[in-house]
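Peer 1: Just dropping this structure here.
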Amino acid sequence: MDEKTRKRGFHPVYLLLVLPFVALLWVPLYNRIEPQVFGIPFFYWYQTLWTFLGTVCTIPVYLYEERKGK
Amino acid sequence: MSANPVALTVFLVLFFATAGLGFYATKMKSVNLSDLGQWGLGGRSFGTLIAWFLLGGDIYTAYTFVAVPALVAGAGATGFFAVPFTILMYPVLFVVMPRLWSVANKHGYVTAADFVRGRFGSRGLALAVAATGIVATIPYIALQLMGMQIVFAGMGLNFTLNLPGIGAFHDLPLLVAFLVLAIYTYHSGLHGTAMISVVKGILVYVAVLAAVIVIPIELGGYGKIFAAADPSTLLLGHGTANNLGPQFSFASLALGSALALWLYPHSITGVFSSSSRSVLKRNAFLLPSFTFALALIALLGVMAVAVGVKGMPEYAEGYRIFGNNFAIPALFLHSFSPWFAGLAFAAIGVGALVPAAIMSISCGNLFTRNIYKEFIAPDCTPATESRVAKIMSLATKLAALFFVVALQSSYAINLQLLGGIWICQTLPSVMLALYTPRQLNAPGLLLGWLAGMVAGTWMAISLQFKGAVYSLDLFGLTIPCYAAIIALVLNIIIAYAVSFLVSTISNAPVQDETVAEDYL
């Protein structure tokens, strides 16, 4: 095993995985009615939207690791 | 209420056809089911697509699909914590579980407790982890059976039948469903369950998409749906200067559940059955599509309120027995044509088969590997191992059935709530152990686990099982927090402190059969 894969290097791309935690655990950020979309309060559509944004955050990390052959 | 023949026929055809598929799944390829790795782990062979169906069917249980909208219908915004919970568990899947998969694959571990045994060389700690897993899972299986019960009730099948001389009897359909579950699990193991999970996935998506399109149209749009909801529960309450309030408890429930989920034996069995690390990583961004479906299902809770099914006389009996858990069946019956209601009920019925099977298989694996083989028959053959696992998976299902049939459903719900708190206490031994080469040892982890179990149980009891949010008073500040997290913090502090003390005092050799490369 070469030195590169052995090292537990930290790449900034991993910060993307922290983003969903900030966005969803900081509840005051989205605990509101407005703006509504199709009559759905912000609280509900914001969290539903994050089901996609979570995926959007993970794919770059996946591609990074695949390229590194981890 | 009387049985609806169309809905019932569609349900029965789909349910039995799917179960039959699971039964014959193993006939299609030649697998040796008298090998635990095959019966209990699917030969670690599932690729991205099958793992997507299997993990999706495993994690998003039938009970989830019933209970989450029920909670939203009853309590409003709080019930929506299931959505951030099932989003945040995926970064955990991506980062943590590939390490556990690798070390398990390298050493042939079948259960999390196998890993703990190898990692710390401690039978006691492995037993603690195995026992916690089994005890936390049995009530969870019971809730799946309860999900079936609710669906049967929705079809007018299992309201109490009074047999003269014998007494009240109302669980015959459940017993039949239980037999189906037991036979196919015993026969086909995880291979059969993987097959069924494909059908479950398809049924769930069809039912959900139809529901979120058809019902809002009937009701005149989402605006009207939310307008009919109780405005005081539409958002979470705000905190005050000396109370962090419901917003904090919401976040703590989401985080605690996201951490606990991957520690459940059925999740770990699903993870270990994947064929590679990449399968897990890909599913960390593919599985959130199930969370999207769950979010839509949670919104059905608001729709149930808007439709007002709770006040309709035809559903009064269901609500009397199952409370808000009857909201979804009632909404389906009210909004769908009978044949489609049958299909949606089949999604829940088949939806219960998948997690119930995997949960009982994983309990069988734990008992066999970490109790039977460890303490009773160390030299047993692989065939014996597999047979013991099959029998124990049957026993755990019977225990779950006992909960549902003989005891009040509140017992299963309370114990499942406790189970969530308990399973979280295995996090240091299973997850932190993947990262800390030498800072943790068995005595520290065992004491931390014990402290977490006692504290968590005490909090749940002092809350009288009415919820899992315990209000902690610290320096004049009230922190309403998921009890699992409070117990876990205590657990981790003690685990590290005692580990440090033990390693300072004693110079016993480290018993770790794993090396750093095993985790990559």
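Residue numbers start at 1 in each chain; chains themselves are named A, B, ... in the order of the structure tokens; ligands are numbered from 1 in the order shown.
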If we count only C-alpha atoms, which residues of chain B reach to within 7 Å of chain A? Please list them as an MDAnalysis selection string.

Peer 2: chainID B and resid 83:84 87:88 91 222:223 226 235:236 247 251 281 285 288 291:292 295

Peer 1: Write out as a compact mmCIF listing (two decimals) with N, CA and C atoms, in the first residue's frame which residues come within 9 Å of Thr396 of chain B when counting only C-alpha atoms, dropping same-chain ones fewer than 5 positions away.

Peer 2:
# COMPACT_ATOMS: atom_id res chain seq x y z
N ILE B 134 -30.51 -7.30 20.17
CA ILE B 134 -31.68 -8.19 20.14
C ILE B 134 -32.86 -7.55 20.88
N THR B 137 -34.48 -4.76 19.05
CA THR B 137 -35.10 -5.09 17.76
C THR B 137 -36.45 -5.79 17.90
N ILE B 138 -36.61 -6.62 18.93
CA ILE B 138 -37.87 -7.39 19.03
C ILE B 138 -39.11 -6.49 19.06
N ILE B 141 -39.84 -5.36 15.60
CA ILE B 141 -40.56 -6.35 14.79
C ILE B 141 -42.04 -6.31 15.14
N MET B 359 -34.97 -7.92 10.35
CA MET B 359 -34.77 -7.76 11.79
C MET B 359 -34.64 -9.11 12.48
N SER B 360 -35.52 -10.05 12.11
CA SER B 360 -35.46 -11.34 12.78
C SER B 360 -34.23 -12.13 12.35
N ILE B 361 -33.83 -11.98 11.09
CA ILE B 361 -32.60 -12.64 10.63
C ILE B 361 -31.41 -12.10 11.40
N CYS B 363 -31.36 -10.76 14.34
CA CYS B 363 -31.39 -11.26 15.72
C CYS B 363 -30.89 -12.70 15.77
N GLY B 364 -31.29 -13.50 14.77
CA GLY B 364 -30.81 -14.87 14.68
C GLY B 364 -29.30 -14.90 14.56
N ILE B 391 -33.72 -20.93 13.67
CA ILE B 391 -34.65 -21.17 14.78
C ILE B 391 -34.78 -19.93 15.65
N LEU B 401 -44.68 -11.40 18.09
CA LEU B 401 -46.11 -11.71 17.93
C LEU B 401 -46.81 -11.69 19.28

Peer 1: Could you pull out the residues in chain A that DSSP calls alpha helix (DSSP H) from the backbone, as a CSV table (one decimal) with N, CA and C atoms, in the first residue's frame?

Peer 2:
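Result file is out-v2.csv:
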chain,number,residue,atom,x,y,z
A,3,GLU,N,2.0,5.3,0.2
A,3,GLU,CA,1.9,6.3,1.3
A,3,GLU,C,0.6,7.1,1.2
A,4,LYS,N,0.2,7.4,-0.1
A,4,LYS,CA,-1.0,8.2,-0.3
A,4,LYS,C,-2.3,7.7,0.2
A,5,THR,N,-2.5,6.4,0.0
A,5,THR,CA,-3.8,5.8,0.5
A,5,THR,C,-3.7,5.5,2.0
A,6,ARG,N,-2.5,5.3,2.5
A,6,ARG,CA,-2.4,5.0,3.9
A,6,ARG,C,-2.8,6.2,4.7
A,19,LEU,N,-22.5,20.1,5.6
A,19,LEU,CA,-23.5,21.1,5.2
A,19,LEU,C,-25.0,20.7,5.6
A,20,PRO,N,-25.4,19.4,5.3
A,20,PRO,CA,-26.7,19.0,5.7
A,20,PRO,C,-27.0,19.1,7.2
A,21,PHE,N,-25.9,18.9,8.0
A,21,PHE,CA,-26.1,18.9,9.4
A,21,PHE,C,-26.4,20.4,9.9
A,22,VAL,N,-25.6,21.3,9.3
A,22,VAL,CA,-25.8,22.7,9.6
A,22,VAL,C,-27.2,23.2,9.1
A,23,ALA,N,-27.6,22.8,7.9
A,23,ALA,CA,-28.8,23.3,7.3
A,23,ALA,C,-30.0,22.7,8.0
A,24,LEU,N,-29.9,21.5,8.6
A,24,LEU,CA,-31.1,20.9,9.2
A,24,LEU,C,-31.1,20.9,10.7
A,25,LEU,N,-30.0,21.0,11.3
A,25,LEU,CA,-30.0,21.0,12.8
A,25,LEU,C,-30.1,22.5,13.3
A,42,PHE,N,-42.8,27.1,4.3
A,42,PHE,CA,-41.3,26.9,4.1
A,42,PHE,C,-40.8,25.7,4.9
A,43,PHE,N,-41.2,25.6,6.2
A,43,PHE,CA,-40.8,24.5,7.1
A,43,PHE,C,-40.8,23.2,6.4
A,44,TYR,N,-41.9,22.9,5.6
A,44,TYR,CA,-42.1,21.6,5.0
A,44,TYR,C,-41.3,21.4,3.7
A,45,TRP,N,-41.4,22.5,2.9
A,45,TRP,CA,-40.8,22.3,1.6
A,45,TRP,C,-39.2,22.4,1.7
A,46,TYR,N,-38.8,23.2,2.6
A,46,TYR,CA,-37.3,23.3,2.8
A,46,TYR,C,-36.7,22.0,3.2
A,47,GLN,N,-37.3,21.3,4.1
A,47,GLN,CA,-36.7,20.0,4.6
A,47,GLN,C,-36.9,19.0,3.5
A,48,THR,N,-38.0,19.0,2.7
A,48,THR,CA,-38.2,18.1,1.6
A,48,THR,C,-37.2,18.3,0.5
A,49,LEU,N,-36.9,19.6,0.3
A,49,LEU,CA,-35.9,19.9,-0.7
A,49,LEU,C,-34.5,19.4,-0.4
A,50,TRP,N,-34.2,19.3,0.9
A,50,TRP,CA,-32.9,18.8,1.4
A,50,TRP,C,-32.7,17.3,1.1
A,51,THR,N,-33.8,16.6,0.8
A,51,THR,CA,-33.6,15.2,0.4
A,51,THR,C,-32.8,15.2,-0.9
A,52,PHE,N,-33.0,16.2,-1.7
A,52,PHE,CA,-32.2,16.3,-3.0
A,52,PHE,C,-30.8,16.9,-2.7
A,53,LEU,N,-30.8,18.0,-1.9
A,53,LEU,CA,-29.6,18.7,-1.7
A,53,LEU,C,-28.6,17.8,-0.9
A,54,GLY,N,-29.1,16.9,-0.1
A,54,GLY,CA,-28.2,16.0,0.6
A,54,GLY,C,-27.4,15.1,-0.5
A,55,THR,N,-28.2,14.7,-1.5
A,55,THR,CA,-27.6,13.9,-2.5
A,55,THR,C,-26.5,14.8,-3.3
A,56,VAL,N,-26.9,16.0,-3.6
A,56,VAL,CA,-26.1,16.9,-4.3
A,56,VAL,C,-24.8,17.1,-3.6
A,57,CYS,N,-24.8,17.2,-2.2
A,57,CYS,CA,-23.6,17.3,-1.4
A,57,CYS,C,-22.7,16.1,-1.4
A,58,THR,N,-23.3,14.9,-1.6
A,58,THR,CA,-22.6,13.7,-1.4
A,58,THR,C,-21.8,13.3,-2.7
A,59,ILE,N,-22.4,13.6,-3.8
A,59,ILE,CA,-21.9,13.1,-5.1
A,59,ILE,C,-20.4,13.6,-5.3
A,60,PRO,N,-20.1,14.9,-5.1
A,60,PRO,CA,-18.7,15.3,-5.3
A,60,PRO,C,-17.7,14.5,-4.4
A,61,VAL,N,-18.2,14.2,-3.2
A,61,VAL,CA,-17.3,13.5,-2.3
A,61,VAL,C,-17.1,12.1,-2.8
A,62,TYR,N,-18.2,11.5,-3.3
A,62,TYR,CA,-18.1,10.1,-3.9
A,62,TYR,C,-17.1,10.1,-5.0
A,63,LEU,N,-17.3,11.1,-5.9
A,63,LEU,CA,-16.4,11.2,-7.1
A,63,LEU,C,-14.9,11.4,-6.7
A,64,TYR,N,-14.7,12.2,-5.7
A,64,TYR,CA,-13.4,12.4,-5.2
A,64,TYR,C,-12.7,11.1,-4.7
A,65,GLU,N,-13.5,10.4,-3.9
A,65,GLU,CA,-13.0,9.2,-3.4
A,65,GLU,C,-12.7,8.1,-4.4
A,66,GLU,N,-13.7,8.0,-5.4
A,66,GLU,CA,-13.5,7.0,-6.5
A,66,GLU,C,-12.2,7.3,-7.2
A,67,ARG,N,-12.0,8.6,-7.5
A,67,ARG,CA,-10.8,9.0,-8.3
A,67,ARG,C,-9.6,8.7,-7.5
A,68,LYS,N,-9.6,8.9,-6.2
A,68,LYS,CA,-8.4,8.5,-5.4
A,68,LYS,C,-8.3,7.0,-5.2

Peer 1: Compare B:Leu333, B:Ala508, B:Ala126, B:Ile59 by their minimum atom-to-atom distance to Ile268 of chain B, counting only C-alpha atoms, and give me the closest one.

Peer 2: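 Checking each candidate against Ile268 of chain B, we get B:Ile59 as the closest.
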
Peer 1: Go through segment 61-125 of chain B and flag each residue having an atom no more than 9 Å from segment 307-329 of chain B; for those, report the closest pair of atoms plus their distance in Å to one decimal, using only C-alpha atoms, ordered by chain and rising number, as JSON lines.

Peer 2:
{"residue": "B:Phe65", "atom": "CA", "partner": "B:Ile328", "partner_atom": "CA", "distance": 8.5}
{"residue": "B:Val66", "atom": "CA", "partner": "B:Asn325", "partner_atom": "CA", "distance": 5.9}
{"residue": "B:Ala67", "atom": "CA", "partner": "B:Asn325", "partner_atom": "CA", "distance": 5.7}
{"residue": "B:Val68", "atom": "CA", "partner": "B:Asn325", "partner_atom": "CA", "distance": 8.7}
{"residue": "B:Pro69", "atom": "CA", "partner": "B:Ile328", "partner_atom": "CA", "distance": 7.1}
{"residue": "B:Ala70", "atom": "CA", "partner": "B:Asn324", "partner_atom": "CA", "distance": 4.9}
{"residue": "B:Leu71", "atom": "CA", "partner": "B:Asn324", "partner_atom": "CA", "distance": 7.3}
{"residue": "B:Ala73", "atom": "CA", "partner": "B:Asn324", "partner_atom": "CA", "distance": 7.1}
{"residue": "B:Gly74", "atom": "CA", "partner": "B:Asn324", "partner_atom": "CA", "distance": 6.5}

Peer 1: Please report the interatomic distance between atom CA of Gly189 of chain B and atom CA of Gln144 of chain B in Å with one decimal.

Peer 2: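 Computing it gives 17.7 Å between the two atoms.
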